[in-house]
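The block underneath contains the structure these notes are about, expressed in structure tokens.
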Amino acid sequence: MEKWELNDRLFEASQLCSIHNERMTFAHTKIKNYFPLNINNYSNLKPEDLSFFDQLIFRFSKMQDSMGGKLFPAILENLGEEVKGIPFIDQLSKLEELYIIQNANDWILLRETRNIVTHEYPFITDEVIQGLNLLNEHFFLLTEIWEKVKEYIVARYGFNIP
């Protein structure tokens, strides 16, 4: 693949992640005062607020998928690293080794949170509340990882990422 194609893929993946982050953050600001959730405040949520929780779940998942499936491979490919056929955990380890992400295990934790909140059973209220509280905590972790990766991309490639 040509160098300009690699740069384009990295730029597009960066822009996509930026959009997901912006919308995820918007949803979080609308509902952050409800955390930590408990049975009482969860039961009294208005439909509008529930829609922001849904948006937070959706954008968190999309952000995590976009970073893991597009952005991280694009970074490694631009550095001349092989990613095809390489297990994802090895890609994470390489990103950690290059100081692009701080801890590969954090990413695994985020993946578990994504799976918990996207496979919820709405009639099991206690599990929904636990999952959403975990999502709130990991929103900050995902945002922190994104900011560090974005700083790396801007410094190394000079991309303008909002």
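Chain labels A, B, ... are given in the sequence in which chains occur in the structure tokens; within each chain residues are numbered consecutively from 1, and ligands are likewise numbered from 1 in the order shown.
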
Near region 17-41 of chain A, 12 Å: region 67-120 of chain A residue rows, closest pairs, only C-alpha atoms, as a tab-separated table:
```
residue	atom	partner	partner_atom	distance
A:Met67	CA	A:Cys17	CA	6.6
A:Gly68	CA	A:Cys17	CA	10.3
A:Gly69	CA	A:Cys17	CA	11.0
A:Lys70	CA	A:Cys17	CA	9.3
A:Leu71	CA	A:Cys17	CA	7.9
A:Phe72	CA	A:Cys17	CA	11.0
```

Taking C-alpha atoms for each residue, export the selection above as a PDB file, in the first residue's frame.
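Output below, filename out_31.pdb:
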```
ATOM      1  CA  MET A  67     -10.067   2.747  17.655  1.00  0.00           C
ATOM      2  CA  GLY A  68      -9.414  -0.993  17.900  1.00  0.00           C
ATOM      3  CA  GLY A  69     -10.483  -1.922  14.394  1.00  0.00           C
ATOM      4  CA  LYS A  70      -9.311   1.051  12.347  1.00  0.00           C
ATOM      5  CA  LEU A  71      -7.181   3.561  14.221  1.00  0.00           C
ATOM      6  CA  PHE A  72      -4.729   1.244  15.965  1.00  0.00           C
TER       7      PHE A  72
END
```

- [ ] Mind checking which residues fall within 10 Å of Glu82 (chain A), counting only C-alpha atoms, ignoring those fewer than 6 positions away in the same chain, and posting them as a ChimeraX atom specification?
- [x] /A:73,76,91

Can I get the selection written as a PDB file, in the first residue's frame, with C-alpha atoms?
```
ATOM      1  CA  PRO A  73      -4.013  -0.820  12.823  1.00  0.00           C
ATOM      2  CA  LEU A  76       0.918   0.542  13.210  1.00  0.00           C
ATOM      3  CA  GLN A  91      -1.102  -5.111  18.304  1.00  0.00           C
TER       4      GLN A  91
END
```

- [ ] Calculate how many Å separate CA of Lys3 (chain A) from CA of Asn78 (chain A), rounding to one decimal.
- [x]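 Atom-to-atom, CA of Lys3 (chain A) to CA of Asn78 (chain A), that is 7.5 Å.
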
Open item on the list: I'd like the contact shell of Arg111 (chain A) - 12 Å cut-off, only C-alpha atoms, skipping same-chain residues fewer than 2 positions apart - returned as an NGL selection string.
Closed with: :A and (60-69 or 88-89 or 104-109 or 113-118 or 134-135 or 138-139 or 141-142)

Got time to write the residues from that selection, N, CA and C atoms, as an mmCIF file, in the first residue's frame?
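Output contents, as saved in out35.cif:
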```
data_model
loop_
_atom_site.group_PDB
_atom_site.id
_atom_site.type_symbol
_atom_site.label_atom_id
_atom_site.label_comp_id
_atom_site.auth_asym_id
_atom_site.auth_seq_id
_atom_site.Cartn_x
_atom_site.Cartn_y
_atom_site.Cartn_z
ATOM 1 N N PHE A 60 -19.828 4.983 22.913
ATOM 2 C CA PHE A 60 -18.727 4.315 23.601
ATOM 3 C C PHE A 60 -18.334 3.069 22.802
ATOM 4 N N SER A 61 -19.340 2.297 22.397
ATOM 5 C CA SER A 61 -19.084 1.076 21.628
ATOM 6 C C SER A 61 -18.457 1.389 20.273
ATOM 7 N N LYS A 62 -19.005 2.372 19.583
ATOM 8 C CA LYS A 62 -18.470 2.760 18.272
ATOM 9 C C LYS A 62 -17.042 3.295 18.390
ATOM 10 N N MET A 63 -16.804 4.088 19.414
ATOM 11 C CA MET A 63 -15.465 4.652 19.638
ATOM 12 C C MET A 63 -14.468 3.517 19.889
ATOM 13 N N GLN A 64 -14.848 2.598 20.742
ATOM 14 C CA GLN A 64 -13.969 1.490 21.069
ATOM 15 C C GLN A 64 -13.715 0.619 19.836
ATOM 16 N N ASP A 65 -14.762 0.340 19.076
ATOM 17 C CA ASP A 65 -14.610 -0.459 17.851
ATOM 18 C C ASP A 65 -13.757 0.264 16.810
ATOM 19 N N SER A 66 -13.975 1.555 16.651
ATOM 20 C CA SER A 66 -13.235 2.329 15.643
ATOM 21 C C SER A 66 -11.757 2.439 15.989
ATOM 22 N N MET A 67 -11.475 2.659 17.256
ATOM 23 C CA MET A 67 -10.067 2.747 17.655
ATOM 24 C C MET A 67 -9.381 1.394 17.476
ATOM 25 N N GLY A 68 -10.021 0.331 17.968
ATOM 26 C CA GLY A 68 -9.414 -0.993 17.900
ATOM 27 C C GLY A 68 -9.367 -1.577 16.504
ATOM 28 N N GLY A 69 -10.395 -1.306 15.706
ATOM 29 C CA GLY A 69 -10.483 -1.922 14.394
ATOM 30 C C GLY A 69 -9.892 -1.114 13.256
ATOM 31 N N PHE A 88 -4.897 -9.301 17.905
ATOM 32 C CA PHE A 88 -5.134 -7.947 18.404
ATOM 33 C C PHE A 88 -4.353 -7.663 19.682
ATOM 34 N N ILE A 89 -4.231 -8.646 20.561
ATOM 35 C CA ILE A 89 -3.488 -8.427 21.809
ATOM 36 C C ILE A 89 -2.029 -8.082 21.510
ATOM 37 N N ALA A 104 -2.026 -1.948 27.742
ATOM 38 C CA ALA A 104 -2.862 -2.812 26.901
ATOM 39 C C ALA A 104 -4.009 -3.423 27.694
ATOM 40 N N ASN A 105 -3.793 -3.683 28.957
ATOM 41 C CA ASN A 105 -4.849 -4.272 29.787
ATOM 42 C C ASN A 105 -6.027 -3.329 29.965
ATOM 43 N N ASP A 106 -5.777 -2.022 29.941
ATOM 44 C CA ASP A 106 -6.882 -1.060 30.010
ATOM 45 C C ASP A 106 -7.829 -1.262 28.835
ATOM 46 N N TRP A 107 -7.256 -1.536 27.671
ATOM 47 C CA TRP A 107 -8.082 -1.714 26.482
ATOM 48 C C TRP A 107 -8.954 -2.967 26.603
ATOM 49 N N ILE A 108 -8.404 -4.010 27.175
ATOM 50 C CA ILE A 108 -9.162 -5.239 27.390
ATOM 51 C C ILE A 108 -10.316 -4.960 28.352
ATOM 52 N N LEU A 109 -10.056 -4.184 29.378
ATOM 53 C CA LEU A 109 -11.089 -3.788 30.333
ATOM 54 C C LEU A 109 -12.209 -3.003 29.642
ATOM 55 N N THR A 113 -16.260 -3.915 29.245
ATOM 56 C CA THR A 113 -17.331 -2.978 29.577
ATOM 57 C C THR A 113 -18.263 -2.806 28.391
ATOM 58 N N ARG A 114 -17.708 -2.667 27.209
ATOM 59 C CA ARG A 114 -18.507 -2.545 25.992
ATOM 60 C C ARG A 114 -19.433 -3.741 25.853
ATOM 61 N N ASN A 115 -18.905 -4.933 26.082
ATOM 62 C CA ASN A 115 -19.722 -6.137 25.961
ATOM 63 C C ASN A 115 -20.825 -6.189 27.016
ATOM 64 N N ILE A 116 -20.536 -5.739 28.211
ATOM 65 C CA ILE A 116 -21.538 -5.734 29.287
ATOM 66 C C ILE A 116 -22.703 -4.815 28.937
ATOM 67 N N VAL A 117 -22.407 -3.593 28.507
ATOM 68 C CA VAL A 117 -23.487 -2.619 28.289
ATOM 69 C C VAL A 117 -24.229 -2.837 26.980
ATOM 70 N N THR A 118 -23.625 -3.514 26.025
ATOM 71 C CA THR A 118 -24.341 -3.753 24.768
ATOM 72 C C THR A 118 -25.155 -5.044 24.805
ATOM 73 N N LEU A 134 -20.337 1.297 35.569
ATOM 74 C CA LEU A 134 -19.037 0.908 35.027
ATOM 75 C C LEU A 134 -18.730 1.695 33.757
ATOM 76 N N LEU A 135 -19.737 1.858 32.923
ATOM 77 C CA LEU A 135 -19.580 2.646 31.700
ATOM 78 C C LEU A 135 -19.162 4.075 32.027
ATOM 79 N N HIS A 138 -15.517 4.048 32.895
ATOM 80 C CA HIS A 138 -14.663 3.752 31.749
ATOM 81 C C HIS A 138 -14.797 4.758 30.616
ATOM 82 N N PHE A 139 -15.820 5.582 30.673
ATOM 83 C CA PHE A 139 -15.901 6.724 29.760
ATOM 84 C C PHE A 139 -14.653 7.591 29.930
ATOM 85 N N LEU A 141 -11.734 6.682 31.156
ATOM 86 C CA LEU A 141 -10.551 5.940 30.701
ATOM 87 C C LEU A 141 -10.447 5.966 29.179
ATOM 88 N N LEU A 142 -11.551 5.727 28.492
ATOM 89 C CA LEU A 142 -11.536 5.755 27.032
ATOM 90 C C LEU A 142 -11.175 7.141 26.510
#
```

Give me, as a PDB file with C-alpha atoms, in the first residue's frame, all polymer residues having an atom no more than 10 Å from Asp8 (chain A), counting only C-alpha atoms and skipping those fewer than 6 positions away in the same chain.
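Saved the output as part18.pdb:
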```
ATOM      1  CA  GLU A   2       1.267   3.488  -0.878  1.00  0.00           C
ATOM      2  CA  SER A  14      -8.754   9.726  13.392  1.00  0.00           C
ATOM      3  CA  ALA A  74      -3.629   2.398  10.782  1.00  0.00           C
TER       4      ALA A  74
END
```

DSSP alpha helix (DSSP H) selection over chain A, as a short mmCIF file (atom, residue, chain, number, x, y, z; two decimals) with N, CA and C atoms, in the first residue's frame:
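And here's selection-v3.cif as it stands now:
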```cif
data_model
loop_
_atom_site.label_atom_id
_atom_site.label_comp_id
_atom_site.auth_asym_id
_atom_site.auth_seq_id
_atom_site.Cartn_x
_atom_site.Cartn_y
_atom_site.Cartn_z
N LYS A 3 2.27 5.05 0.67
CA LYS A 3 2.35 5.84 1.91
C LYS A 3 1.17 6.80 2.04
N TRP A 4 0.76 7.44 0.93
CA TRP A 4 -0.35 8.39 1.00
C TRP A 4 -1.66 7.67 1.35
N GLU A 5 -1.80 6.41 0.90
CA GLU A 5 -3.00 5.64 1.25
C GLU A 5 -3.01 5.31 2.74
N LEU A 6 -1.85 4.99 3.26
CA LEU A 6 -1.74 4.72 4.70
C LEU A 6 -2.08 5.97 5.50
N ASN A 7 -1.56 7.11 5.05
CA ASN A 7 -1.86 8.37 5.73
C ASN A 7 -3.36 8.69 5.66
N ASP A 8 -3.97 8.46 4.50
CA ASP A 8 -5.41 8.70 4.35
C ASP A 8 -6.21 7.82 5.31
N ARG A 9 -5.84 6.56 5.40
CA ARG A 9 -6.55 5.65 6.31
C ARG A 9 -6.42 6.11 7.75
N LEU A 10 -5.23 6.56 8.12
CA LEU A 10 -5.01 7.05 9.48
C LEU A 10 -5.81 8.32 9.72
N PHE A 11 -5.81 9.23 8.76
CA PHE A 11 -6.55 10.48 8.90
C PHE A 11 -8.05 10.20 9.03
N GLU A 12 -8.57 9.34 8.17
CA GLU A 12 -10.01 9.03 8.22
C GLU A 12 -10.39 8.35 9.52
N ALA A 13 -9.57 7.43 9.99
CA ALA A 13 -9.84 6.75 11.26
C ALA A 13 -9.80 7.75 12.42
N SER A 14 -8.86 8.69 12.35
CA SER A 14 -8.75 9.73 13.39
C SER A 14 -9.99 10.61 13.42
N GLN A 15 -10.44 11.00 12.24
CA GLN A 15 -11.63 11.85 12.15
C GLN A 15 -12.87 11.12 12.67
N LEU A 16 -12.99 9.86 12.32
CA LEU A 16 -14.12 9.06 12.79
C LEU A 16 -14.12 8.95 14.31
N CYS A 17 -12.98 8.69 14.88
CA CYS A 17 -12.87 8.59 16.34
C CYS A 17 -13.18 9.93 17.00
N SER A 18 -12.76 11.00 16.37
CA SER A 18 -13.05 12.33 16.90
C SER A 18 -14.55 12.59 16.95
N ILE A 19 -15.26 12.19 15.91
CA ILE A 19 -16.72 12.37 15.88
C ILE A 19 -17.38 11.53 16.98
N HIS A 20 -16.97 10.28 17.10
CA HIS A 20 -17.54 9.43 18.14
C HIS A 20 -17.26 10.01 19.53
N ASN A 21 -16.04 10.48 19.73
CA ASN A 21 -15.68 11.06 21.02
C ASN A 21 -16.52 12.30 21.32
N GLU A 22 -16.68 13.15 20.34
CA GLU A 22 -17.47 14.37 20.53
C GLU A 22 -18.91 14.04 20.93
N ARG A 23 -19.51 13.10 20.26
CA ARG A 23 -20.91 12.75 20.53
C ARG A 23 -21.05 11.95 21.82
N MET A 24 -20.07 11.13 22.11
CA MET A 24 -20.07 10.39 23.37
C MET A 24 -19.96 11.37 24.54
N THR A 25 -19.07 12.33 24.40
CA THR A 25 -18.88 13.33 25.45
C THR A 25 -20.12 14.19 25.63
N PHE A 26 -20.76 14.55 24.54
CA PHE A 26 -22.00 15.33 24.62
C PHE A 26 -23.05 14.57 25.43
N ALA A 27 -23.25 13.30 25.10
CA ALA A 27 -24.24 12.49 25.82
C ALA A 27 -23.87 12.40 27.29
N HIS A 28 -22.59 12.20 27.57
CA HIS A 28 -22.16 12.08 28.97
C HIS A 28 -22.43 13.36 29.75
N THR A 29 -22.20 14.50 29.14
CA THR A 29 -22.44 15.76 29.87
C THR A 29 -23.91 15.94 30.20
N LYS A 30 -24.79 15.37 29.39
CA LYS A 30 -26.23 15.50 29.64
C LYS A 30 -26.70 14.65 30.81
N ILE A 31 -25.96 13.60 31.15
CA ILE A 31 -26.43 12.67 32.19
C ILE A 31 -25.44 12.46 33.33
N ILE A 39 -31.02 2.44 42.21
CA ILE A 39 -32.34 2.00 41.79
C ILE A 39 -33.34 3.15 41.76
N ASN A 40 -33.20 4.08 42.71
CA ASN A 40 -34.13 5.19 42.81
C ASN A 40 -33.99 6.16 41.64
N ASN A 41 -32.78 6.67 41.40
CA ASN A 41 -32.64 7.64 40.31
C ASN A 41 -32.78 6.99 38.94
N TYR A 42 -32.42 5.70 38.82
CA TYR A 42 -32.61 5.02 37.54
C TYR A 42 -34.10 4.85 37.24
N SER A 43 -34.87 4.51 38.23
CA SER A 43 -36.31 4.29 38.04
C SER A 43 -37.05 5.57 37.67
N PRO A 47 -37.71 9.72 29.65
CA PRO A 47 -37.34 9.13 28.35
C PRO A 47 -36.21 9.90 27.65
N GLU A 48 -36.20 11.21 27.77
CA GLU A 48 -35.13 11.99 27.15
C GLU A 48 -33.78 11.63 27.74
N ASP A 49 -33.73 11.49 29.05
CA ASP A 49 -32.46 11.12 29.70
C ASP A 49 -32.05 9.71 29.31
N LEU A 50 -33.01 8.81 29.23
CA LEU A 50 -32.69 7.44 28.79
C LEU A 50 -32.09 7.43 27.39
N SER A 51 -32.56 8.35 26.55
CA SER A 51 -31.99 8.42 25.20
C SER A 51 -30.52 8.84 25.23
N PHE A 52 -30.14 9.67 26.19
CA PHE A 52 -28.73 10.05 26.32
C PHE A 52 -27.89 8.88 26.83
N PHE A 53 -28.48 8.06 27.70
CA PHE A 53 -27.78 6.85 28.13
C PHE A 53 -27.56 5.92 26.93
N ASP A 54 -28.60 5.78 26.11
CA ASP A 54 -28.47 4.96 24.90
C ASP A 54 -27.39 5.51 23.97
N GLN A 55 -27.36 6.83 23.83
CA GLN A 55 -26.35 7.45 22.96
C GLN A 55 -24.96 7.23 23.53
N LEU A 56 -24.83 7.32 24.84
CA LEU A 56 -23.52 7.10 25.47
C LEU A 56 -23.06 5.66 25.22
N ILE A 57 -23.96 4.71 25.40
CA ILE A 57 -23.62 3.30 25.16
C ILE A 57 -23.20 3.11 23.70
N PHE A 58 -23.99 3.64 22.79
CA PHE A 58 -23.73 3.47 21.36
C PHE A 58 -22.39 4.09 20.98
N ARG A 59 -22.15 5.32 21.38
CA ARG A 59 -20.91 6.01 20.99
C ARG A 59 -19.69 5.43 21.67
N PHE A 60 -19.83 4.98 22.91
CA PHE A 60 -18.73 4.31 23.60
C PHE A 60 -18.33 3.07 22.80
N SER A 61 -19.34 2.30 22.40
CA SER A 61 -19.08 1.08 21.63
C SER A 61 -18.46 1.39 20.27
N LYS A 62 -19.01 2.37 19.58
CA LYS A 62 -18.47 2.76 18.27
C LYS A 62 -17.04 3.29 18.39
N MET A 63 -16.80 4.09 19.41
CA MET A 63 -15.46 4.65 19.64
C MET A 63 -14.47 3.52 19.89
N GLN A 64 -14.85 2.60 20.74
CA GLN A 64 -13.97 1.49 21.07
C GLN A 64 -13.72 0.62 19.84
N ASP A 65 -14.76 0.34 19.08
CA ASP A 65 -14.61 -0.46 17.85
C ASP A 65 -13.76 0.26 16.81
N SER A 66 -13.97 1.56 16.65
CA SER A 66 -13.23 2.33 15.64
C SER A 66 -11.76 2.44 15.99
N PHE A 72 -5.95 1.91 15.52
CA PHE A 72 -4.73 1.24 15.96
C PHE A 72 -4.00 0.54 14.81
N PRO A 73 -4.72 -0.22 13.97
CA PRO A 73 -4.01 -0.82 12.82
C PRO A 73 -3.42 0.23 11.88
N ALA A 74 -4.14 1.34 11.68
CA ALA A 74 -3.63 2.40 10.78
C ALA A 74 -2.35 3.02 11.35
N ILE A 75 -2.31 3.21 12.65
CA ILE A 75 -1.09 3.75 13.27
C ILE A 75 0.07 2.79 13.05
N LEU A 76 -0.16 1.53 13.35
CA LEU A 76 0.92 0.54 13.21
C LEU A 76 1.37 0.40 11.76
N GLU A 77 0.43 0.39 10.83
CA GLU A 77 0.80 0.30 9.41
C GLU A 77 1.63 1.50 8.98
N ASN A 78 1.27 2.69 9.46
CA ASN A 78 2.03 3.89 9.12
C ASN A 78 3.44 3.85 9.70
N PHE A 88 -4.90 -9.30 17.90
CA PHE A 88 -5.13 -7.95 18.40
C PHE A 88 -4.35 -7.66 19.68
N ILE A 89 -4.23 -8.65 20.56
CA ILE A 89 -3.49 -8.43 21.81
C ILE A 89 -2.03 -8.08 21.51
N ASP A 90 -1.48 -8.66 20.44
CA ASP A 90 -0.10 -8.34 20.05
C ASP A 90 -0.01 -6.91 19.49
N GLN A 91 -1.06 -6.49 18.78
CA GLN A 91 -1.10 -5.11 18.30
C GLN A 91 -1.13 -4.15 19.49
N LEU A 92 -1.96 -4.48 20.49
CA LEU A 92 -2.02 -3.64 21.69
C LEU A 92 -0.67 -3.59 22.40
N SER A 93 -0.02 -4.74 22.49
CA SER A 93 1.30 -4.79 23.14
C SER A 93 2.31 -3.93 22.40
N LYS A 94 2.25 -3.94 21.07
CA LYS A 94 3.15 -3.10 20.27
C LYS A 94 2.87 -1.62 20.51
N LEU A 95 1.59 -1.26 20.57
CA LEU A 95 1.23 0.14 20.85
C LEU A 95 1.71 0.57 22.22
N GLU A 96 1.63 -0.34 23.18
CA GLU A 96 2.13 -0.05 24.53
C GLU A 96 3.65 0.08 24.51
N GLU A 97 4.31 -0.81 23.82
CA GLU A 97 5.76 -0.79 23.70
C GLU A 97 6.26 0.53 23.09
N ALA A 104 -2.03 -1.95 27.74
CA ALA A 104 -2.86 -2.81 26.90
C ALA A 104 -4.01 -3.42 27.69
N ASN A 105 -3.79 -3.68 28.96
CA ASN A 105 -4.85 -4.27 29.79
C ASN A 105 -6.03 -3.33 29.96
N ASP A 106 -5.78 -2.02 29.94
CA ASP A 106 -6.88 -1.06 30.01
C ASP A 106 -7.83 -1.26 28.84
N TRP A 107 -7.26 -1.54 27.67
CA TRP A 107 -8.08 -1.71 26.48
C TRP A 107 -8.95 -2.97 26.60
N ILE A 108 -8.40 -4.01 27.17
CA ILE A 108 -9.16 -5.24 27.39
C ILE A 108 -10.32 -4.96 28.35
N LEU A 109 -10.06 -4.18 29.38
CA LEU A 109 -11.09 -3.79 30.33
C LEU A 109 -12.21 -3.00 29.64
N LEU A 110 -11.83 -2.09 28.76
CA LEU A 110 -12.83 -1.32 28.02
C LEU A 110 -13.67 -2.23 27.12
N ARG A 111 -13.05 -3.22 26.55
CA ARG A 111 -13.77 -4.16 25.69
C ARG A 111 -14.80 -4.95 26.50
N GLU A 112 -14.41 -5.35 27.70
CA GLU A 112 -15.35 -6.06 28.57
C GLU A 112 -16.53 -5.18 28.94
N THR A 113 -16.26 -3.91 29.24
CA THR A 113 -17.33 -2.98 29.58
C THR A 113 -18.26 -2.81 28.39
N ARG A 114 -17.71 -2.67 27.21
CA ARG A 114 -18.51 -2.54 25.99
C ARG A 114 -19.43 -3.74 25.85
N ASN A 115 -18.91 -4.93 26.08
CA ASN A 115 -19.72 -6.14 25.96
C ASN A 115 -20.83 -6.19 27.02
N ILE A 116 -20.54 -5.74 28.21
CA ILE A 116 -21.54 -5.73 29.29
C ILE A 116 -22.70 -4.82 28.94
N VAL A 117 -22.41 -3.59 28.51
CA VAL A 117 -23.49 -2.62 28.29
C VAL A 117 -24.23 -2.84 26.98
N THR A 118 -23.63 -3.51 26.03
CA THR A 118 -24.34 -3.75 24.77
C THR A 118 -25.15 -5.04 24.81
N THR A 125 -32.73 -4.98 36.33
CA THR A 125 -32.38 -3.60 36.64
C THR A 125 -31.04 -3.47 37.35
N ASP A 126 -30.76 -4.34 38.32
CA ASP A 126 -29.50 -4.24 39.06
C ASP A 126 -28.29 -4.37 38.14
N GLU A 127 -28.36 -5.29 37.19
CA GLU A 127 -27.24 -5.47 36.25
C GLU A 127 -27.11 -4.28 35.30
N VAL A 128 -28.24 -3.72 34.89
CA VAL A 128 -28.21 -2.54 34.02
C VAL A 128 -27.54 -1.39 34.75
N ILE A 129 -27.91 -1.17 36.00
CA ILE A 129 -27.34 -0.08 36.80
C ILE A 129 -25.84 -0.29 37.01
N GLN A 130 -25.44 -1.51 37.33
CA GLN A 130 -24.01 -1.80 37.51
C GLN A 130 -23.24 -1.55 36.21
N GLY A 131 -23.81 -1.98 35.10
CA GLY A 131 -23.16 -1.79 33.80
C GLY A 131 -23.02 -0.32 33.45
N LEU A 132 -24.06 0.46 33.71
CA LEU A 132 -24.01 1.89 33.41
C LEU A 132 -23.03 2.63 34.31
N ASN A 133 -22.95 2.24 35.57
CA ASN A 133 -21.96 2.85 36.47
C ASN A 133 -20.54 2.52 36.02
N LEU A 134 -20.34 1.30 35.57
CA LEU A 134 -19.04 0.91 35.03
C LEU A 134 -18.73 1.70 33.76
N LEU A 135 -19.74 1.86 32.92
CA LEU A 135 -19.58 2.65 31.70
C LEU A 135 -19.16 4.07 32.03
N ASN A 136 -19.76 4.65 33.04
CA ASN A 136 -19.39 6.00 33.45
C ASN A 136 -17.91 6.07 33.83
N GLU A 137 -17.44 5.12 34.61
CA GLU A 137 -16.02 5.09 35.00
C GLU A 137 -15.13 4.94 33.77
N HIS A 138 -15.52 4.05 32.90
CA HIS A 138 -14.66 3.75 31.75
C HIS A 138 -14.80 4.76 30.62
N PHE A 139 -15.82 5.58 30.67
CA PHE A 139 -15.90 6.72 29.76
C PHE A 139 -14.65 7.59 29.93
N PHE A 140 -14.27 7.83 31.16
CA PHE A 140 -13.10 8.67 31.43
C PHE A 140 -11.82 7.99 30.97
N LEU A 141 -11.73 6.68 31.16
CA LEU A 141 -10.55 5.94 30.70
C LEU A 141 -10.45 5.97 29.18
N LEU A 142 -11.55 5.73 28.49
CA LEU A 142 -11.54 5.76 27.03
C LEU A 142 -11.18 7.14 26.51
N THR A 143 -11.73 8.16 27.13
CA THR A 143 -11.42 9.54 26.73
C THR A 143 -9.94 9.85 26.94
N GLU A 144 -9.40 9.38 28.05
CA GLU A 144 -7.98 9.60 28.34
C GLU A 144 -7.09 8.90 27.30
N ILE A 145 -7.43 7.67 26.94
CA ILE A 145 -6.66 6.94 25.93
C ILE A 145 -6.76 7.67 24.59
N TRP A 146 -7.96 8.10 24.22
CA TRP A 146 -8.15 8.82 22.96
C TRP A 146 -7.29 10.08 22.93
N GLU A 147 -7.29 10.85 24.00
CA GLU A 147 -6.51 12.09 24.03
C GLU A 147 -5.03 11.82 23.85
N LYS A 148 -4.52 10.77 24.48
CA LYS A 148 -3.10 10.43 24.35
C LYS A 148 -2.77 9.99 22.92
N VAL A 149 -3.63 9.16 22.34
CA VAL A 149 -3.42 8.69 20.97
C VAL A 149 -3.52 9.86 20.00
N LYS A 150 -4.50 10.72 20.23
CA LYS A 150 -4.67 11.90 19.37
C LYS A 150 -3.43 12.80 19.44
N GLU A 151 -2.91 13.03 20.63
CA GLU A 151 -1.68 13.84 20.77
C GLU A 151 -0.54 13.23 19.99
N TYR A 152 -0.42 11.91 20.04
CA TYR A 152 0.64 11.23 19.30
C TYR A 152 0.47 11.45 17.80
N ILE A 153 -0.75 11.28 17.30
CA ILE A 153 -1.00 11.43 15.86
C ILE A 153 -0.75 12.86 15.40
N VAL A 154 -1.20 13.82 16.17
CA VAL A 154 -0.99 15.23 15.81
C VAL A 154 0.50 15.55 15.80
N ALA A 155 1.22 15.10 16.82
CA ALA A 155 2.65 15.39 16.91
C ALA A 155 3.44 14.69 15.79
N ARG A 156 3.10 13.45 15.50
CA ARG A 156 3.87 12.68 14.52
C ARG A 156 3.50 12.99 13.07
N TYR A 157 2.19 13.22 12.82
CA TYR A 157 1.72 13.35 11.44
C TYR A 157 1.20 14.74 11.10
#
```

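For the pair CA of Ile100 (chain A) and CA of Leu79 (chain A), the separation is 11.7 Å.
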